[in-house]
Amino acid sequence: MTDYNEVQQDIVDEFSVFEDWLDRYNYLIELGNDLPGIDPKYRSNEYLINGCQSKVWLHADLVDGRLIFNADSDAIIVKGIVALLVKLMNERTPAEILENDLTFIDGIGLRQNLSPTRSNGLLAMVKKMRLYAMAYQAKENQNKKS
Amino acid sequence: MGFNIKQIRSNFPILSQQVYKKPLLYLDNGATTQKPRVVIDTVRELQESQNSSIHRGIHYLSEQMTSRYEAARETVRAFLNATSTNEIIFTSGATGSINAVAFSFGEKYVHAGDEILISEMEHHSNIVPWQMLCERKGAQLKVIPFNDNGELKLDQLDSLLTERTKIVALCHASNSMGTINPVKEVIEKAHAKGIAVLIDGAQMVQHGEVDVRELDCDFYVFSSHKIFGPTGSGVLYGKESLLEELPPYQGGGDMVDQVSFERTSYNTLPFKFEAGTSNYIGAIGLGVALEYLHSVGLDKIAIYEKELSGYALEKLARIDRLKIYGNATDRISVFSFLLQNIHTYDAGLILDKMGIAVRTGTHCTQPVMDHFSIDGTIRASLVFYNTREEIDVLTAGIQKTMEMLS
């Protein structure tokens with residue numbers, strides 16, 4: 001599995017070819033369209049992260065010690081950013097997710113999309129992904145003890 | 001003198017800038033308006049060389065500031081054609097003004113079982129203060145519905161105005177649909193039954209002349225920042241006889257006559273409702289903004305905006321798969337719309353990167369969104385410094401956004 005920070009660097013490199021903002025968004029739209037929608041059974045209020053303007057759904061499972069994320073958004077550009085987050089964090093161990101900092105968002109100039117005032121659910125989604133990692137890590141540690 | 005749009009735009013320094021290397025196209029005037037140079041200069045000059053608290057000091061600066069503050073009150077009085085400056089209360093904004101009335105009027109006149117009548121198209125700031133009042137007093141909130149064009153269903157007004165109705169609170173113009181409401185007719189009907197009326201003019205005063213004496217409303221409120229003045233200031237107009245009857249809603253300095261631990265007597269109008277150190281620089285800035293508008297001519301502004309609105313509607317209507325929400329005949333230059341199958345947030349992000357500032361979401365009118373069963377709209381709100389060319393840029397931007405997102 002590619003190193004966490006290498007994946008982040010790859011994403012930044014991919015975006016660096018776009019000089020125009022609209023090209024960057026075009027690419028995000030493409031990524032959003034390519035991300036399979038969340039399993040309908042998780043597209044429910046239980047897994048909803050409600051932003052004021054756009055919605056994000058997130059579900060995570062732990063399979064063989066690695067997190068499998070399932071995520072979606074009703075706004076396509078937000079879904080594109082969701083796709084990047086899933087690409088980075090999917091199939092990682094909880095430790096990998098918790099030990100590394102999220103840097104690519106800044107690197108591709110999308111920080112504004114993660115600011116608390118954007119109300120698009122993304123900031124809450126990143127927090128929730130880390131919470132899943134923490135929860136599964138705690139569960140694993142408990143299993144080891146018992 | 002004609003309407004020289006180029007000269008008008010040059011009065012607003014912010015309009016000439018670029019964002020993301022594109023010329024700024026500011027169409028979020030419903031949220032806040034930009035400030036003319038004369039307002040910016042006044043605020044800076046007051047901070048730099050004249051700052052002093054009003055109404056208390058006998059020293060030079062305080063006297064100067066006090067007289068400018070009171071002159072601003074006279075400017076507002078003339079702007080609204082109120083009878084007396086005793087009827088002009090400076091507040092923190094339209095929201096502050098409505099909360100003041102909801103509290104003071106509510107304390108005096110609203111009791112358990114009474115009714116407050118608002119409309120389905122109100123901004124949250126003209127809903128929530130009344131709900132809070134209803135909760136405090138055990139009163140009931142009633143709502144005048146609107147039809148799918150965004151026009152009030154006035155045929156229901158008679159039955160909604162009951163012997164329990166204590167006050168009607170209604171927007172002069174809708175911030176999300178652009179409807180201008182026939183407030184005069186509502187006021188007449190309410191008064192015929194002895195019911196008071198508050199008009200929320202936050203979206204109206206910047207678009208044309210308002211005459212509170214002609215309307216005969218009991219209260220009229222608006223915000224400074226939506227009429228080219230500084231943020232954090234606003235106006236509550238109230239009929240003097242009514243304001244005299246109401247208890248103050250905040251206690252503090254300046255609103256009192258005599259204070260002892262046993263008993264406090266209140267100051268006269270308008271000071272009774274201006275507790276604490278008021279935002280005097282904001283109020284004076286508002287006065288300067290109103291004088292500026294007067295120099296441009298509100299009548300000319302109304303004519304220009306009507307023509308601009310017609311052009312915008314015609315251009316927007318030509319875009320396939322664009323649906324406008326709010327099609328009232330009488331309207332301000334505010335347009336809410338949706339692009340088929342496109343999320344408003346996505347559209348807003350892309351338009352932003354083209355330098356186009358619009359608002360997306362519910363515009364603090366969730367009941368309006370519920371009426372149409374939608375989550376939100378894209379809103380372009382124009383004022384007199386916007387142009388036909390800008391509408392062309394907007395419509396081209398919308399076309400491009402639709403290409404990208406479908």
# chains A, B, ... in the order shown; residues from 1 in each chain; ligands from 1
call {"tool": "interface_residues", "arguments": {"of": "chain B", "to": "chain A", "cutoff": "12 Å", "atoms": "only C-alpha atoms", "output": "number ranges by chain"}}
result
B: 19-22, 341-355, 359-364, 366, 374-378, 397, 400-406
call {"tool": "write_last_selection", "arguments": {"atoms": "C-alpha atoms", "output": "tab-separated table (two decimals), in the first residue's frame"}}
result
chain	number	residue	atom	x	y	z
B	19	VAL	CA	-11.34	38.21	-7.58
B	20	TYR	CA	-9.57	35.07	-8.89
B	21	LYS	CA	-8.23	37.39	-11.63
B	22	LYS	CA	-11.78	38.08	-12.82
B	341	ASN	CA	-30.58	18.68	-11.51
B	342	ILE	CA	-27.82	20.97	-10.27
B	343	HIS	CA	-27.08	21.46	-6.59
B	344	THR	CA	-27.09	25.12	-5.58
B	345	TYR	CA	-23.85	24.67	-3.66
B	346	ASP	CA	-22.04	23.37	-6.76
B	347	ALA	CA	-23.38	26.22	-8.86
B	348	GLY	CA	-22.39	28.78	-6.21
B	349	LEU	CA	-18.83	27.41	-6.05
B	350	ILE	CA	-18.37	27.60	-9.79
B	351	LEU	CA	-19.94	31.04	-10.20
B	352	ASP	CA	-17.68	32.25	-7.38
B	353	LYS	CA	-14.61	31.18	-9.29
B	354	MET	CA	-15.86	33.23	-12.24
B	355	GLY	CA	-15.87	36.24	-9.94
B	359	ARG	CA	-26.05	33.65	-2.52
B	360	THR	CA	-27.04	30.00	-2.35
B	361	GLY	CA	-29.12	28.18	0.24
B	362	THR	CA	-32.32	29.02	2.05
B	363	HIS	CA	-31.68	32.76	2.51
B	364	CYS	CA	-32.97	32.52	6.09
B	366	GLN	CA	-36.80	28.01	5.29
B	374	ILE	CA	-36.85	22.59	-2.35
B	375	ASP	CA	-33.66	22.74	-0.27
B	376	GLY	CA	-32.58	26.17	-1.42
B	377	THR	CA	-32.10	28.44	-4.40
B	378	ILE	CA	-29.43	30.49	-6.09
B	397	GLY	CA	-21.73	32.24	-16.25
B	400	LYS	CA	-21.09	27.69	-18.45
B	401	THR	CA	-21.93	26.34	-14.98
B	402	MET	CA	-24.67	24.19	-16.48
B	403	GLU	CA	-22.30	22.84	-19.10
B	404	MET	CA	-19.78	21.91	-16.44
B	405	LEU	CA	-22.27	20.26	-14.14
B	406	SER	CA	-24.40	18.29	-16.55
call {"tool": "residues_around", "arguments": {"residues": "Leu102 in chain A", "least_positions_apart": "4", "cutoff": "9 Å", "atoms": "only C-alpha atoms", "output": "list in words"}}
result
Asn5, Gln8, Ile97 and Asp106 of chain A
call {"tool": "write_last_selection", "arguments": {"atoms": "N, CA and C atoms", "output": "compact mmCIF listing (two decimals), in the first residue's frame"}}
result
# COMPACT_ATOMS: atom_id res chain seq x y z
N ASN A 5 1.43 9.73 2.99
CA ASN A 5 1.85 11.05 2.51
C ASN A 5 2.22 11.07 1.03
N GLN A 8 -0.96 11.72 -0.68
CA GLN A 8 -1.29 13.15 -0.58
C GLN A 8 -0.49 13.95 -1.61
N ILE A 97 -4.42 6.48 9.91
CA ILE A 97 -5.32 7.64 9.79
C ILE A 97 -5.10 8.62 10.94
N ASP A 106 -5.02 21.62 1.76
CA ASP A 106 -4.31 22.90 1.63
C ASP A 106 -3.51 22.94 0.35
call {"tool": "atom_distance", "arguments": {"atom1": "CA of Val143 in chain B", "atom2": "CA of Ser336 in chain B"}}
result
22.1 Å
call {"tool": "select_by_dssp", "arguments": {"residues": "range 245-361 of chain B", "states": "strand (DSSP E or B)", "output": "number ranges by chain"}}
result
B: 256-259, 264-266, 322-325, 331, 334-339, 356-357, 359-361
call {"tool": "atom_distance", "arguments": {"atom1": "CA of Lys184 in chain B", "atom2": "CA of Glu214 in chain B"}}
result
8.4 Å
call {"tool": "residues_around", "arguments": {"residues": "range 253-263 of chain B", "least_positions_apart": "3", "cutoff": "9 Å", "atoms": "only C-alpha atoms", "output": "number ranges by chain"}}
result
B: 55-56, 248, 250, 266-277
call {"tool": "residues_around", "arguments": {"residues": "range 119-136 of chain B", "least_positions_apart": "2", "cutoff": "9 Å", "atoms": "only C-alpha atoms", "output": "ChimeraX atom specification"}}
result
/B:94-96,98-100,102-103,106-107,110-112,114-117,138-146,150,152,168-171,174-177,200,363-368,371
call {"tool": "write_last_selection", "arguments": {"atoms": "C-alpha atoms", "output": "PDB file, in the first residue's frame"}}
result
ATOM      1  CA  ALA B  94     -33.634  45.271  11.420  1.00  0.00           C
ATOM      2  CA  THR B  95     -33.285  42.152  13.569  1.00  0.00           C
ATOM      3  CA  GLY B  96     -32.608  44.275  16.654  1.00  0.00           C
ATOM      4  CA  ILE B  98     -38.005  43.566  15.435  1.00  0.00           C
ATOM      5  CA  ASN B  99     -36.783  41.986  18.663  1.00  0.00           C
ATOM      6  CA  ALA B 100     -37.300  45.305  20.438  1.00  0.00           C
ATOM      7  CA  ALA B 102     -41.606  41.885  19.938  1.00  0.00           C
ATOM      8  CA  PHE B 103     -40.434  42.419  23.498  1.00  0.00           C
ATOM      9  CA  GLY B 106     -45.447  42.020  23.671  1.00  0.00           C
ATOM     10  CA  GLU B 107     -44.941  43.006  27.308  1.00  0.00           C
ATOM     11  CA  VAL B 110     -49.902  40.476  24.257  1.00  0.00           C
ATOM     12  CA  HIS B 111     -51.507  37.962  26.603  1.00  0.00           C
ATOM     13  CA  ALA B 112     -52.301  34.266  26.702  1.00  0.00           C
ATOM     14  CA  ASP B 114     -53.744  36.300  21.714  1.00  0.00           C
ATOM     15  CA  GLU B 115     -52.544  35.955  18.139  1.00  0.00           C
ATOM     16  CA  ILE B 116     -49.615  37.365  16.163  1.00  0.00           C
ATOM     17  CA  LEU B 117     -49.983  37.363  12.386  1.00  0.00           C
ATOM     18  CA  GLY B 138     -48.862  31.644  25.587  1.00  0.00           C
ATOM     19  CA  ALA B 139     -49.928  33.420  22.414  1.00  0.00           C
ATOM     20  CA  GLN B 140     -50.348  31.869  18.981  1.00  0.00           C
ATOM     21  CA  LEU B 141     -48.503  32.542  15.729  1.00  0.00           C
ATOM     22  CA  LYS B 142     -50.681  32.705  12.602  1.00  0.00           C
ATOM     23  CA  VAL B 143     -49.435  32.824   9.024  1.00  0.00           C
ATOM     24  CA  ILE B 144     -50.705  34.491   5.823  1.00  0.00           C
ATOM     25  CA  PRO B 145     -49.843  32.023   3.024  1.00  0.00           C
ATOM     26  CA  PHE B 146     -48.589  32.960  -0.466  1.00  0.00           C
ATOM     27  CA  GLY B 150     -44.941  34.320  -4.364  1.00  0.00           C
ATOM     28  CA  LEU B 152     -49.761  36.842  -0.523  1.00  0.00           C
ATOM     29  CA  VAL B 168     -49.286  41.929  12.107  1.00  0.00           C
ATOM     30  CA  ALA B 169     -45.586  41.690  11.157  1.00  0.00           C
ATOM     31  CA  LEU B 170     -44.964  41.641   7.428  1.00  0.00           C
ATOM     32  CA  CYS B 171     -42.041  42.219   5.079  1.00  0.00           C
ATOM     33  CA  SER B 174     -39.381  39.390   0.247  1.00  0.00           C
ATOM     34  CA  ASN B 175     -35.640  38.725   0.502  1.00  0.00           C
ATOM     35  CA  SER B 176     -35.885  35.345  -1.213  1.00  0.00           C
ATOM     36  CA  MET B 177     -38.551  35.883  -3.906  1.00  0.00           C
ATOM     37  CA  ASP B 200     -39.955  44.912   7.824  1.00  0.00           C
ATOM     38  CA  HIS B 363     -31.683  32.762   2.510  1.00  0.00           C
ATOM     39  CA  CYS B 364     -32.974  32.519   6.093  1.00  0.00           C
ATOM     40  CA  THR B 365     -36.444  31.743   4.740  1.00  0.00           C
ATOM     41  CA  GLN B 366     -36.797  28.009   5.291  1.00  0.00           C
ATOM     42  CA  PRO B 367     -40.622  28.156   5.172  1.00  0.00           C
ATOM     43  CA  VAL B 368     -40.374  29.595   1.621  1.00  0.00           C
ATOM     44  CA  HIS B 371     -43.514  25.906   0.276  1.00  0.00           C
TER      45      HIS B 371
END
call {"tool": "select_by_dssp", "arguments": {"residues": "range 79-322 of chain B", "states": "helix (DSSP H, G or I)", "output": "PyMOL selection string"}}
result
chain B and resi 79-80+85-87+94-109+124-126+128-137+154-160+183-192+212-215+225-227+240-245+271-273+280-296+298-317
call {"tool": "atom_distance", "arguments": {"atom1": "CA of Ala283 in chain B", "atom2": "CA of Gly93 in chain B"}}
result
10.3 Å
call {"tool": "residues_around", "arguments": {"residues": "Tyr47 in chain A", "least_positions_apart": "4", "cutoff": "10 Å", "atoms": "only C-alpha atoms", "output": "ChimeraX atom specification"}}
result
/A:41-43,56-60,71
call {"tool": "write_last_selection", "arguments": {"atoms": "C-alpha atoms", "output": "PDB file, in the first residue's frame"}}
result
ATOM      1  CA  LYS A  41     -28.959   1.341   3.137  1.00  0.00           C
ATOM      2  CA  TYR A  42     -26.415   3.872   4.449  1.00  0.00           C
ATOM      3  CA  ARG A  43     -28.002   6.850   2.686  1.00  0.00           C
ATOM      4  CA  VAL A  56     -22.617  14.155   3.183  1.00  0.00           C
ATOM      5  CA  TRP A  57     -23.197  10.506   4.124  1.00  0.00           C
ATOM      6  CA  LEU A  58     -20.441   8.397   5.627  1.00  0.00           C
ATOM      7  CA  HIS A  59     -20.190   4.822   6.799  1.00  0.00           C
ATOM      8  CA  ALA A  60     -17.091   2.839   7.835  1.00  0.00           C
ATOM      9  CA  ALA A  71     -19.332   7.970   1.365  1.00  0.00           C
TER      10      ALA A  71
END
call {"tool": "residues_around", "arguments": {"residues": "range 135-145 of chain A", "least_positions_apart": "2", "cutoff": "6 Å", "atoms": "only C-alpha atoms", "output": "JSON, numbers by chain"}}
result
{"A": [94, 132, 133]}
call {"tool": "closest_residue", "arguments": {"among": "A:Ser73, A:Gly109, A:Lys87, A:Ile68", "to": "Phe18 in chain A", "atoms": "only C-alpha atoms"}}
result
A:Gly109
